[in-house]
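Novice: Structure provided below as structure tokens; questions to follow.
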Amino acid sequence: MRQHTIRRAVSVQGVGLHSGKVSRVSFAPASPDSGVVFRVKATGERIPATVESVVNSHYATTLGVNGTRVQTVEHLMAAAIGLGVDNLDIEVDGPEIPALDGSAKPFVTLLASAGRVQQSEQRKPLTVPCPLRVGSGGRWIQITPSDTFRISYTLDNEHPAIGTQVLSWTPTERSFVEEFAPARTYGFLKDLGIMRKNGLARGGSLDNAIVLGNGAALNGLRFRDEFVRHKILDLLGDLALLGRRIRAHVVARNGGHALNFELVVAVQRALGLERRSAGVVELGALAAEDAARREGLVRTPGLAVI
Ligand SMILES: [Zn+2]
């Protein structure tokens, strides 16, 4: 399968979910093997969408280079990989990718409207060398070698609108566009005050997130199991930071961006250590240390929502 980019430049503007600030994002075609690269207008800094660029995975995935940051890239990244767009130049005028409706659907619509072009180079899928597992207790992600890419997800939450949701998916472009891209992020009304105090969810509203009150969602659902669908969307977007499509079965239980990041770091390390690794490798703690050191903060346990 050949690599793809978009045919023509397109752009969109909106409010960031966490910063509450307006940003404009402009997409342009990019050359083969260049991958997805963010270019921040204010500083001119280029930030490749790779594992090495992750500076924070607390509630959202933030990329950064030399102090320049782009926050909340995951839904856009999911849209690109879900549509088969490998190479993309993204100029960001603002601190955060716009939330739009809280899902990947508006990015999918925009990128599809730009058209896609097949390029000269072949894709180089990544094969996971051995089973890997990150996390512990009721929160973990496991990845095992497989000929095809598959995500199986279990989400447990005591909130009555969520409960236990289980879904297993072999991605195709059509099922991505119709059944996963439209699944919106969600958050709990009771957490909103503390999140805003910590600089999170400042742009969050009923227009860009499912908001859960005491007993029910305050806005209507697009899917009965929209919550687990969104968790899968986030995982897909974070896995895209590997820069190549993976051939593996990813099994997750109550993950989040921090755990997704631990997984992609574990995959990278396993690829580097391929000949020395055997059996299930526990690399999650190391990856978490890396993230905390880079960010200079202590990770907070708990379900990473929004
Ligand atoms: Zn999300």
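Chain lettering (A, B, ...) mirrors the order of the structure tokens, residue numbering begins at 1 for each chain separately, and ligand numbering begins at 1 in order of display.
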With only C-alpha atoms and all ligand atoms counted, collect every polymer residue having an atom within 12 Å of ligand 1; state the result as a count of residues only.
Specialist: 56
Novice: Considering only strand (DSSP E) as DSSP defines it on the backbone, what residues of stretch 9-253 of chain A qualify? List them as a PyMOL selection string.
Specialist: chain A and resi 10-15+22-29+36-40+46-48+54-56+62-65+68-70+88-93+116-122+126-127+132-136+139-145+150-157+163-169+186-188+210-212+246-253
Novice: Would you list the contacts of stretch 7-15 of chain A as number ranges by chain, taking every protein, DNA or RNA residue within 8 Å and counting only C-alpha atoms, but skipping same-chain residues closer than 4 positions in sequence?
Specialist: A: 19-29, 97-100, 110-111, 114-117, 203
Novice: Kindly export the residues of the current selection with N, CA and C atoms, as an mmCIF file, in the first residue's frame.
Specialist:
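In the end it all went to part.cif:
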```
data_model
loop_
_atom_site.group_PDB
_atom_site.id
_atom_site.type_symbol
_atom_site.label_atom_id
_atom_site.label_comp_id
_atom_site.auth_asym_id
_atom_site.auth_seq_id
_atom_site.Cartn_x
_atom_site.Cartn_y
_atom_site.Cartn_z
ATOM 1 N N SER A 19 -7.561 24.875 26.849
ATOM 2 C CA SER A 19 -7.095 26.262 27.006
ATOM 3 C C SER A 19 -8.245 27.258 26.923
ATOM 4 N N GLY A 20 -9.302 26.904 26.192
ATOM 5 C CA GLY A 20 -10.399 27.842 25.953
ATOM 6 C C GLY A 20 -10.021 28.928 24.953
ATOM 7 N N LYS A 21 -8.843 28.795 24.335
ATOM 8 C CA LYS A 21 -8.373 29.821 23.397
ATOM 9 C C LYS A 21 -8.646 29.418 21.948
ATOM 10 N N VAL A 22 -8.844 30.431 21.116
ATOM 11 C CA VAL A 22 -9.133 30.177 19.698
ATOM 12 C C VAL A 22 -7.831 29.900 18.947
ATOM 13 N N SER A 23 -7.839 28.850 18.141
ATOM 14 C CA SER A 23 -6.687 28.523 17.295
ATOM 15 C C SER A 23 -7.161 28.293 15.867
ATOM 16 N N ARG A 24 -6.258 28.551 14.916
ATOM 17 C CA ARG A 24 -6.524 28.185 13.525
ATOM 18 C C ARG A 24 -5.527 27.116 13.110
ATOM 19 N N VAL A 25 -6.015 26.078 12.472
ATOM 20 C CA VAL A 25 -5.176 24.972 12.036
ATOM 21 C C VAL A 25 -5.295 24.864 10.519
ATOM 22 N N SER A 26 -4.142 24.903 9.829
ATOM 23 C CA SER A 26 -4.145 24.841 8.362
ATOM 24 C C SER A 26 -3.368 23.614 7.908
ATOM 25 N N PHE A 27 -4.009 22.818 7.077
ATOM 26 C CA PHE A 27 -3.416 21.561 6.598
ATOM 27 C C PHE A 27 -2.905 21.757 5.175
ATOM 28 N N ALA A 28 -1.722 21.215 4.904
ATOM 29 C CA ALA A 28 -1.163 21.305 3.551
ATOM 30 C C ALA A 28 -0.537 19.967 3.168
ATOM 31 N N PRO A 29 -0.440 19.685 1.863
ATOM 32 C CA PRO A 29 0.196 18.433 1.424
ATOM 33 C C PRO A 29 1.648 18.380 1.908
ATOM 34 N N ILE A 97 -5.079 22.490 19.503
ATOM 35 C CA ILE A 97 -5.920 22.100 18.358
ATOM 36 C C ILE A 97 -7.381 22.360 18.747
ATOM 37 N N PRO A 98 -8.172 22.987 17.880
ATOM 38 C CA PRO A 98 -9.569 23.277 18.234
ATOM 39 C C PRO A 98 -10.355 22.002 18.571
ATOM 40 N N ALA A 99 -11.251 22.124 19.550
ATOM 41 C CA ALA A 99 -12.056 20.956 19.953
ATOM 42 C C ALA A 99 -13.140 20.657 18.919
ATOM 43 N N LEU A 100 -13.623 21.700 18.253
ATOM 44 C CA LEU A 100 -14.750 21.592 17.302
ATOM 45 C C LEU A 100 -15.920 20.904 18.004
ATOM 46 N N LEU A 110 -13.133 17.680 6.957
ATOM 47 C CA LEU A 110 -12.230 18.669 6.367
ATOM 48 C C LEU A 110 -11.166 17.994 5.501
ATOM 49 N N LEU A 111 -10.505 16.955 6.057
ATOM 50 C CA LEU A 111 -9.436 16.282 5.309
ATOM 51 C C LEU A 111 -10.002 15.567 4.077
ATOM 52 N N ALA A 114 -10.400 17.929 1.317
ATOM 53 C CA ALA A 114 -9.132 18.327 0.695
ATOM 54 C C ALA A 114 -8.721 17.350 -0.400
ATOM 55 N N GLY A 115 -9.320 16.169 -0.403
ATOM 56 C CA GLY A 115 -8.951 15.135 -1.372
ATOM 57 C C GLY A 115 -7.659 14.454 -0.958
ATOM 58 N N ARG A 116 -7.442 13.251 -1.466
ATOM 59 C CA ARG A 116 -6.218 12.519 -1.107
ATOM 60 C C ARG A 116 -5.439 12.153 -2.356
ATOM 61 N N VAL A 117 -4.127 12.175 -2.225
ATOM 62 C CA VAL A 117 -3.241 11.859 -3.348
ATOM 63 C C VAL A 117 -2.347 10.695 -2.961
ATOM 64 N N GLY A 203 -12.358 25.374 27.754
ATOM 65 C CA GLY A 203 -13.189 25.597 26.571
ATOM 66 C C GLY A 203 -14.290 24.553 26.451
#
```
Novice: Which neighbours of stretch 164-173 of chain A fall inside 8 Å, counting only C-alpha atoms, when residues of the same chain fewer than 2 positions from it are skipped, and could you give them as a list in words?
Specialist: Gly82, Leu83, Gly84, Thr148, Phe149, Arg150, Ile151, Ser152, Tyr153, Thr154, Leu155, Asp156, Asn157, Ile162, Ser175, Phe176, Val177, Asp225, Phe227, Val228 and Arg229 of chain A
Novice: Just the helix (DSSP H, G or I) stuff from stretch 189-219 of chain A, please, per backbone DSSP, written as a list in words.
Specialist: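 Filtering stretch 189-219 of chain A to helix (DSSP H, G or I) leaves Leu189, Lys190, Asp191, Leu192, Gly193, Ile194, Met195, Arg196 and Lys197 of chain A.
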Novice: From the options A:Ile246, A:Ala80, A:Leu63, A:Ala30, which residue's atoms come nearest to A:Val128, counting only C-alpha atoms?
Specialist: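 Smallest distance to A:Val128 is found for A:Ile246.
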